file entry14.txt (compact mmCIF, C-alpha atoms)
# COMPACT_ATOMS: atom_id res chain seq x y z
CA MET A 1 -53.16 -20.79 -61.90
CA ASP A 2 -49.73 -22.01 -60.80
CA GLN A 3 -46.80 -20.37 -62.50
CA VAL A 4 -43.02 -20.60 -62.57
CA GLU A 5 -42.16 -17.07 -63.61
CA PRO A 6 -41.55 -14.28 -63.16
CA LEU A 7 -39.87 -15.51 -59.99
CA GLU A 8 -41.33 -12.95 -57.57
CA GLU A 9 -44.88 -13.62 -58.78
CA ALA A 10 -44.36 -17.38 -58.72
CA LEU A 11 -43.02 -17.24 -55.16
CA LYS A 12 -45.89 -15.02 -54.06
CA ALA A 13 -48.50 -17.35 -55.60
CA TYR A 14 -46.84 -20.45 -54.14
CA SER A 15 -46.58 -18.90 -50.67
CA PHE A 16 -50.20 -17.79 -50.80
CA LYS A 17 -51.36 -21.26 -51.82
CA ILE A 18 -49.49 -23.15 -49.10
CA GLY A 19 -50.24 -20.41 -46.58
CA GLN A 20 -53.98 -20.85 -47.14
CA LYS A 21 -53.68 -24.62 -47.04
CA THR A 22 -51.13 -26.25 -44.76
CA ALA A 23 -49.89 -23.22 -42.82
CA ALA A 24 -53.40 -22.06 -41.93
CA LEU A 25 -54.24 -25.55 -40.66
CA PHE A 26 -51.12 -25.68 -38.48
CA ALA A 27 -51.78 -22.16 -37.19
CA ALA A 28 -55.36 -22.98 -36.26
CA ALA A 29 -54.38 -26.21 -34.52
CA CYS A 30 -51.71 -24.48 -32.44
CA LYS A 31 -53.86 -21.50 -31.53
CA VAL A 32 -56.96 -23.54 -30.69
CA GLY A 33 -54.86 -25.91 -28.61
CA ALA A 34 -53.48 -22.98 -26.64
CA ILE A 35 -56.93 -21.47 -26.13
CA CYS A 36 -58.41 -24.80 -25.02
CA GLY A 37 -55.48 -25.20 -22.64
CA GLY A 38 -56.28 -21.85 -21.03
CA ALA A 39 -53.24 -19.98 -22.36
CA PRO A 40 -53.30 -16.19 -22.26
CA GLU A 41 -54.11 -14.36 -25.51
CA GLU A 42 -50.47 -13.35 -26.03
CA THR A 43 -49.35 -16.98 -25.83
CA SER A 44 -52.13 -18.31 -28.06
CA ALA A 45 -51.33 -15.63 -30.67
CA ALA A 46 -47.62 -16.54 -30.56
CA LEU A 47 -48.48 -20.21 -30.94
CA GLY A 48 -50.70 -19.41 -33.91
CA ARG A 49 -47.78 -17.63 -35.59
CA PHE A 50 -45.50 -20.55 -34.65
CA GLY A 51 -47.97 -22.96 -36.28
CA TYR A 52 -48.23 -20.87 -39.44
CA ALA A 53 -44.45 -20.72 -39.92
CA LEU A 54 -44.11 -24.41 -39.08
CA GLY A 55 -46.86 -25.25 -41.58
CA MET A 56 -45.00 -23.33 -44.28
CA ALA A 57 -41.81 -25.27 -43.48
CA PHE A 58 -43.73 -28.56 -43.42
CA GLN A 59 -45.29 -28.01 -46.85
CA ILE A 60 -42.01 -26.95 -48.44
CA VAL A 61 -40.27 -30.03 -47.03
CA ASP A 62 -43.17 -32.14 -48.32
CA ASP A 63 -42.73 -30.60 -51.77
CA VAL A 64 -38.98 -31.32 -51.69
CA LEU A 65 -39.67 -34.91 -50.65
CA ASP A 66 -41.97 -35.29 -53.64
CA TYR A 67 -38.87 -34.88 -55.82
CA ALA A 68 -36.12 -36.26 -53.61
CA GLY A 69 -37.69 -38.55 -51.05
CA ASP A 70 -37.04 -42.24 -50.73
CA GLU A 71 -40.04 -44.08 -52.15
CA ARG A 72 -39.70 -46.80 -49.48
CA VAL A 73 -39.87 -44.18 -46.71
CA LEU A 74 -42.60 -42.08 -48.32
CA GLY A 75 -44.73 -45.04 -49.34
CA LYS A 76 -45.38 -43.46 -52.74
CA PRO A 77 -43.38 -42.81 -55.90
CA ALA A 78 -41.54 -39.52 -56.35
CA GLY A 79 -43.10 -36.95 -58.64
CA GLY A 80 -46.74 -37.21 -57.59
CA ASP A 81 -47.21 -33.42 -57.61
CA LEU A 82 -45.49 -33.25 -60.97
CA ARG A 83 -47.78 -35.90 -62.46
CA ARG A 84 -50.77 -33.89 -61.21
CA GLY A 85 -49.37 -30.74 -62.83
CA LEU A 86 -48.67 -28.96 -59.55
CA ILE A 87 -45.94 -26.36 -59.58
CA THR A 88 -44.09 -26.37 -56.28
CA LEU A 89 -41.07 -24.53 -54.92
CA PRO A 90 -38.34 -26.95 -56.09
CA LEU A 91 -39.64 -26.70 -59.65
CA ILE A 92 -39.97 -22.91 -59.50
CA TYR A 93 -36.34 -22.61 -58.41
CA ALA A 94 -35.14 -25.18 -60.95
CA VAL A 95 -36.81 -23.33 -63.82
CA THR A 96 -35.46 -19.98 -62.63
CA HIS A 97 -31.88 -21.01 -61.88
CA ASP A 98 -31.08 -24.21 -63.80
CA ASP A 99 -33.01 -24.34 -67.05
CA ALA A 100 -30.47 -23.18 -69.63
CA ASP A 101 -32.12 -25.04 -72.51
CA GLY A 102 -35.70 -24.13 -71.52
CA PHE A 103 -36.87 -27.74 -71.24
CA LEU A 104 -38.38 -27.28 -67.77
CA HIS A 105 -40.09 -24.04 -68.73
CA GLY A 106 -41.57 -25.66 -71.81
CA ALA A 107 -42.78 -28.66 -69.84
CA THR A 108 -44.43 -26.53 -67.15
CA ALA A 109 -46.17 -24.46 -69.83
CA ARG A 110 -47.84 -27.69 -70.96
CA PHE A 111 -48.97 -28.85 -67.51
CA GLY A 112 -52.60 -28.23 -68.49
CA ASP A 113 -52.09 -30.77 -71.27
CA SER A 114 -50.88 -34.21 -70.39
CA LEU A 115 -47.14 -34.69 -70.46
CA GLN A 116 -45.86 -38.00 -71.72
CA PRO A 117 -44.42 -40.31 -69.03
CA GLU A 118 -40.91 -39.87 -70.43
CA GLU A 119 -41.28 -36.08 -70.19
CA VAL A 120 -42.41 -36.34 -66.58
CA ALA A 121 -39.41 -38.56 -65.84
CA GLU A 122 -37.08 -36.03 -67.47
CA VAL A 123 -38.57 -33.10 -65.51
CA LEU A 124 -38.20 -35.12 -62.32
CA ARG A 125 -34.57 -35.96 -63.16
CA ARG A 126 -33.68 -32.37 -64.00
CA VAL A 127 -35.23 -30.97 -60.84
CA GLN A 128 -33.39 -33.60 -58.79
CA LEU A 129 -30.11 -32.47 -60.37
CA SER A 130 -30.88 -28.76 -60.00
CA SER A 131 -30.28 -26.29 -57.20
CA GLY A 132 -34.05 -26.13 -56.75
CA LEU A 133 -34.12 -28.75 -54.02
CA GLU A 134 -31.45 -27.07 -51.89
CA ARG A 135 -32.95 -23.62 -52.44
CA ALA A 136 -36.33 -24.94 -51.28
CA ARG A 137 -34.70 -26.63 -48.26
CA GLN A 138 -33.12 -23.29 -47.37
CA GLU A 139 -36.55 -21.66 -47.48
CA ALA A 140 -37.96 -24.40 -45.24
CA ARG A 141 -35.12 -23.80 -42.78
CA ARG A 142 -35.89 -20.07 -42.82
CA TYR A 143 -39.52 -20.76 -41.87
CA HIS A 144 -38.35 -23.24 -39.25
CA GLY A 145 -36.19 -20.54 -37.66
CA GLU A 146 -39.13 -18.13 -37.78
CA ALA A 147 -41.32 -20.71 -36.04
CA LEU A 148 -38.75 -21.16 -33.27
CA ARG A 149 -38.54 -17.38 -32.76
CA PHE A 150 -42.32 -17.22 -32.27
CA LEU A 151 -42.10 -20.17 -29.90
CA GLN A 152 -39.69 -18.21 -27.69
CA GLN A 153 -42.64 -15.98 -26.79
CA VAL A 154 -44.05 -18.89 -24.80
CA THR A 155 -42.67 -18.05 -21.38
CA ASP A 156 -42.59 -21.51 -19.85
CA ALA A 157 -39.50 -23.23 -21.28
CA GLU A 158 -40.89 -26.64 -20.31
CA ASP A 159 -43.97 -26.01 -22.45
CA ARG A 160 -41.75 -25.26 -25.46
CA VAL A 161 -39.86 -28.57 -25.41
CA PRO A 162 -42.42 -30.78 -27.20
CA LEU A 163 -43.10 -28.08 -29.79
CA GLU A 164 -39.38 -27.59 -30.41
CA GLU A 165 -39.13 -31.35 -30.95
CA LEU A 166 -42.08 -31.24 -33.36
CA ALA A 167 -40.40 -28.42 -35.28
CA ARG A 168 -37.17 -30.42 -35.44
CA LEU A 169 -39.02 -33.44 -36.83
CA VAL A 170 -40.71 -31.30 -39.49
CA ILE A 171 -37.45 -29.93 -40.82
CA GLU A 172 -35.49 -33.20 -40.58
CA ARG A 173 -38.00 -35.41 -42.37
CA SER A 174 -36.19 -37.98 -44.51
CA TYR A 175 -34.91 -36.88 -47.87

call {"tool": "encode", "arguments": {"input": "entry14.txt", "output": "structure tokens"}}
result
Amino acid sequence: MDQVEPLEEALKAYSFKIGQKTAALFAAACKVGAICGGAPEETSAALGRFGYALGMAFQIVDDVLDYAGDERVLGKPAGGDLRRGLITLPLIYAVTHDDADGFLHGATARFGDSLQPEEVAEVLRRVQLSSGLERARQEARRYHGEALRFLQQVTDAEDRVPLEELARLVIERSY
């Protein structure tokens, strides 16, 4: 079950969930692509680690966009994860750092029940005003940097260029 606290447990559960979902998919795609391209084992392993870190960054950015993205750019209304009762990194950080009156904590405790539309709107508003979005963006940037460090293990600089561009696009997706 998703949780918002204690913080360390919430972060561990969130990281595990997105690691087994998006990051694993990115890792497999990068590693299989390298293997199919005839890359040596060392390179394919590095590209798998690159893909995993990039997948983590991608999912975190996606979760931020669910709160802060432009509906016209995203093609969907903000708060979709929230309406489905999914606890993501921006919400975890907002509850931990910016929930003085306990409203967010109380709302997340009732995610199994259905929140009223006005409650969902208020959670969305409070997360948007919190430090949760920037804290999550910082975590995405950390994973982005990790991905680029793994990419440096690919010895041919020319081969890194398109993957560096992909990594840049992941982290700079429209907010």

call {"tool": "residues_around", "arguments": {"input": "entry14.txt", "residues": "stretch 26-35 of chain A", "least_positions_apart": "6", "cutoff": "9 Å", "atoms": "all atoms listed in the file", "output": "number ranges by chain"}}
result
A: 41, 43-56

call {"tool": "closest_residue", "arguments": {"input": "entry14.txt", "among": "A:Ala121, A:Ala57, A:Val154, A:Ala68", "to": "A:Pro40", "atoms": "all atoms listed in the file"}}
result
A:Val154

call {"tool": "axis_aligned_box", "arguments": {"input": "entry14.txt", "around": "stretch 149-164 of chain A", "padding_each_side": "4 Å", "output": "JSON"}}
result
{"center_x": -41.3, "center_y": -23.4, "center_z": -26.3, "size_x": 13.5, "size_y": 22.8, "size_z": 20.9}

call {"tool": "residues_around", "arguments": {"input": "entry14.txt", "residues": "stretch 160-170 of chain A", "least_positions_apart": "5", "cutoff": "8 Å", "atoms": "all atoms listed in the file", "output": "list in words"}}
result
Leu54, Ala57, Phe58, Val61, His144, Ala147, Leu148, Leu151, Gln152 and Val154 of chain A

call {"tool": "residues_near_point", "arguments": {"input": "entry14.txt", "point": "(-41.3, -29.9, -51.4)", "cutoff": "10 Å", "atoms": "all atoms listed in the file", "output": "list of chain:residue names"}}
result
A:Ala57, A:Phe58, A:Gln59, A:Ile60, A:Val61, A:Asp62, A:Asp63, A:Val64, A:Leu65, A:Asp66, A:Tyr67, A:Ala68, A:Gly69, A:Asp81, A:Thr88, A:Leu89, A:Pro90, A:Leu91, A:Gly132, A:Leu133, A:Ala136, A:Arg137, A:Ala140

call {"tool": "atom_distance", "arguments": {"input": "entry14.txt", "atom1": "atom CA of A:Ile92", "atom2": "atom CA of A:Ala10"}}
result
7.1 Å

call {"tool": "atom_distance", "arguments": {"input": "entry14.txt", "atom1": "atom CA of A:Asp99", "atom2": "atom CA of A:Glu134"}}
result
15.5 Å

call {"tool": "decode", "arguments": {"input": "entry14.txt", "residues": "stretch 19-34 of chain A", "atoms": "all heavy atoms", "output": "PDB file, in the first residue's frame"}}
result
ATOM      1  N   GLY A  19      10.793   1.933  -9.502  1.00  0.00           N
ATOM      2  CA  GLY A  19      11.945   1.161  -9.973  1.00  0.00           C
ATOM      3  C   GLY A  19      11.514  -0.115 -10.664  1.00  0.00           C
ATOM      4  O   GLY A  19      12.113  -0.529 -11.662  1.00  0.00           O
ATOM      5  N   GLN A  20      10.465  -0.757 -10.149  1.00  0.00           N
ATOM      6  CA  GLN A  20       9.966  -1.995 -10.741  1.00  0.00           C
ATOM      7  C   GLN A  20       9.087  -1.750 -11.960  1.00  0.00           C
ATOM      8  O   GLN A  20       8.792  -2.682 -12.709  1.00  0.00           O
ATOM      9  CB  GLN A  20       9.178  -2.788  -9.694  1.00  0.00           C
ATOM     10  CG  GLN A  20      10.021  -3.260  -8.535  1.00  0.00           C
ATOM     11  CD  GLN A  20      11.100  -4.215  -8.979  1.00  0.00           C
ATOM     12  OE1 GLN A  20      10.833  -5.217  -9.624  1.00  0.00           O
ATOM     13  NE2 GLN A  20      12.340  -3.893  -8.654  1.00  0.00           N
ATOM     14  N   LYS A  21       8.685  -0.529 -12.151  1.00  0.00           N
ATOM     15  CA  LYS A  21       7.781  -0.178 -13.241  1.00  0.00           C
ATOM     16  C   LYS A  21       8.585   0.524 -14.334  1.00  0.00           C
ATOM     17  O   LYS A  21       9.181  -0.114 -15.194  1.00  0.00           O
ATOM     18  CB  LYS A  21       6.659   0.709 -12.676  1.00  0.00           C
ATOM     19  CG  LYS A  21       5.602   1.130 -13.642  1.00  0.00           C
ATOM     20  CD  LYS A  21       4.563   2.000 -12.938  1.00  0.00           C
ATOM     21  CE  LYS A  21       4.522   3.337 -13.600  1.00  0.00           C
ATOM     22  NZ  LYS A  21       3.638   4.302 -13.029  1.00  0.00           N
ATOM     23  N   THR A  22       8.654   1.800 -14.284  1.00  0.00           N
ATOM     24  CA  THR A  22       9.250   2.609 -15.345  1.00  0.00           C
ATOM     25  C   THR A  22      10.752   2.385 -15.479  1.00  0.00           C
ATOM     26  O   THR A  22      11.263   2.214 -16.589  1.00  0.00           O
ATOM     27  CB  THR A  22       8.962   4.099 -15.087  1.00  0.00           C
ATOM     28  OG1 THR A  22       7.559   4.249 -14.857  1.00  0.00           O
ATOM     29  CG2 THR A  22       9.384   4.955 -16.259  1.00  0.00           C
ATOM     30  N   ALA A  23      11.476   2.422 -14.361  1.00  0.00           N
ATOM     31  CA  ALA A  23      12.935   2.312 -14.433  1.00  0.00           C
ATOM     32  C   ALA A  23      13.366   0.963 -14.991  1.00  0.00           C
ATOM     33  O   ALA A  23      14.313   0.885 -15.795  1.00  0.00           O
ATOM     34  CB  ALA A  23      13.554   2.563 -13.067  1.00  0.00           C
ATOM     35  N   ALA A  24      12.697  -0.100 -14.593  1.00  0.00           N
ATOM     36  CA  ALA A  24      13.044  -1.427 -15.110  1.00  0.00           C
ATOM     37  C   ALA A  24      12.806  -1.503 -16.621  1.00  0.00           C
ATOM     38  O   ALA A  24      13.590  -2.123 -17.349  1.00  0.00           O
ATOM     39  CB  ALA A  24      12.242  -2.500 -14.381  1.00  0.00           C
ATOM     40  N   LEU A  25      11.741  -0.879 -17.084  1.00  0.00           N
ATOM     41  CA  LEU A  25      11.453  -0.858 -18.524  1.00  0.00           C
ATOM     42  C   LEU A  25      12.541  -0.107 -19.290  1.00  0.00           C
ATOM     43  O   LEU A  25      13.042  -0.587 -20.312  1.00  0.00           O
ATOM     44  CB  LEU A  25      10.089  -0.211 -18.771  1.00  0.00           C
ATOM     45  CG  LEU A  25       9.674  -0.054 -20.235  1.00  0.00           C
ATOM     46  CD1 LEU A  25       9.522  -1.409 -20.906  1.00  0.00           C
ATOM     47  CD2 LEU A  25       8.385   0.739 -20.322  1.00  0.00           C
ATOM     48  N   PHE A  26      12.926   1.062 -18.799  1.00  0.00           N
ATOM     49  CA  PHE A  26      13.986   1.841 -19.443  1.00  0.00           C
ATOM     50  C   PHE A  26      15.299   1.066 -19.421  1.00  0.00           C
ATOM     51  O   PHE A  26      16.035   1.053 -20.418  1.00  0.00           O
ATOM     52  CB  PHE A  26      14.169   3.188 -18.734  1.00  0.00           C
ATOM     53  CG  PHE A  26      13.237   4.275 -19.170  1.00  0.00           C
ATOM     54  CD1 PHE A  26      11.869   4.109 -19.186  1.00  0.00           C
ATOM     55  CD2 PHE A  26      13.741   5.506 -19.542  1.00  0.00           C
ATOM     56  CE1 PHE A  26      11.015   5.134 -19.566  1.00  0.00           C
ATOM     57  CE2 PHE A  26      12.906   6.533 -19.927  1.00  0.00           C
ATOM     58  CZ  PHE A  26      11.542   6.354 -19.943  1.00  0.00           C
ATOM     59  N   ALA A  27      15.611   0.428 -18.300  1.00  0.00           N
ATOM     60  CA  ALA A  27      16.856  -0.332 -18.180  1.00  0.00           C
ATOM     61  C   ALA A  27      16.887  -1.466 -19.193  1.00  0.00           C
ATOM     62  O   ALA A  27      17.895  -1.668 -19.885  1.00  0.00           O
ATOM     63  CB  ALA A  27      17.008  -0.880 -16.762  1.00  0.00           C
ATOM     64  N   ALA A  28      15.792  -2.199 -19.283  1.00  0.00           N
ATOM     65  CA  ALA A  28      15.729  -3.320 -20.222  1.00  0.00           C
ATOM     66  C   ALA A  28      15.871  -2.838 -21.660  1.00  0.00           C
ATOM     67  O   ALA A  28      16.608  -3.439 -22.454  1.00  0.00           O
ATOM     68  CB  ALA A  28      14.418  -4.083 -20.040  1.00  0.00           C
ATOM     69  N   ALA A  29      15.189  -1.767 -21.999  1.00  0.00           N
ATOM     70  CA  ALA A  29      15.266  -1.245 -23.363  1.00  0.00           C
ATOM     71  C   ALA A  29      16.695  -0.838 -23.723  1.00  0.00           C
ATOM     72  O   ALA A  29      17.186  -1.150 -24.820  1.00  0.00           O
ATOM     73  CB  ALA A  29      14.318  -0.059 -23.534  1.00  0.00           C
ATOM     74  N   CYS A  30      17.362  -0.168 -22.812  1.00  0.00           N
ATOM     75  CA  CYS A  30      18.736   0.277 -23.086  1.00  0.00           C
ATOM     76  C   CYS A  30      19.695  -0.897 -23.179  1.00  0.00           C
ATOM     77  O   CYS A  30      20.545  -0.954 -24.076  1.00  0.00           O
ATOM     78  CB  CYS A  30      19.201   1.258 -22.009  1.00  0.00           C
ATOM     79  SG  CYS A  30      18.374   2.855 -22.104  1.00  0.00           S
ATOM     80  N   LYS A  31      19.564  -1.831 -22.259  1.00  0.00           N
ATOM     81  CA  LYS A  31      20.477  -2.977 -22.258  1.00  0.00           C
ATOM     82  C   LYS A  31      20.246  -3.882 -23.473  1.00  0.00           C
ATOM     83  O   LYS A  31      21.198  -4.301 -24.132  1.00  0.00           O
ATOM     84  CB  LYS A  31      20.342  -3.770 -20.959  1.00  0.00           C
ATOM     85  CG  LYS A  31      21.406  -4.818 -20.808  1.00  0.00           C
ATOM     86  CD  LYS A  31      21.441  -5.406 -19.421  1.00  0.00           C
ATOM     87  CE  LYS A  31      22.613  -6.370 -19.322  1.00  0.00           C
ATOM     88  NZ  LYS A  31      22.784  -6.875 -17.972  1.00  0.00           N
ATOM     89  N   VAL A  32      19.005  -4.168 -23.769  1.00  0.00           N
ATOM     90  CA  VAL A  32      18.696  -5.020 -24.928  1.00  0.00           C
ATOM     91  C   VAL A  32      19.149  -4.345 -26.220  1.00  0.00           C
ATOM     92  O   VAL A  32      19.705  -4.994 -27.110  1.00  0.00           O
ATOM     93  CB  VAL A  32      17.190  -5.380 -24.962  1.00  0.00           C
ATOM     94  CG1 VAL A  32      16.793  -5.980 -26.297  1.00  0.00           C
ATOM     95  CG2 VAL A  32      16.861  -6.320 -23.825  1.00  0.00           C
ATOM     96  N   GLY A  33      18.942  -3.036 -26.312  1.00  0.00           N
ATOM     97  CA  GLY A  33      19.403  -2.312 -27.495  1.00  0.00           C
ATOM     98  C   GLY A  33      20.907  -2.430 -27.672  1.00  0.00           C
ATOM     99  O   GLY A  33      21.406  -2.629 -28.786  1.00  0.00           O
ATOM    100  N   ALA A  34      21.633  -2.327 -26.577  1.00  0.00           N
ATOM    101  CA  ALA A  34      23.094  -2.449 -26.636  1.00  0.00           C
ATOM    102  C   ALA A  34      23.507  -3.858 -27.045  1.00  0.00           C
ATOM    103  O   ALA A  34      24.398  -4.032 -27.892  1.00  0.00           O
ATOM    104  CB  ALA A  34      23.698  -2.077 -25.282  1.00  0.00           C
TER     105      ALA A  34
END
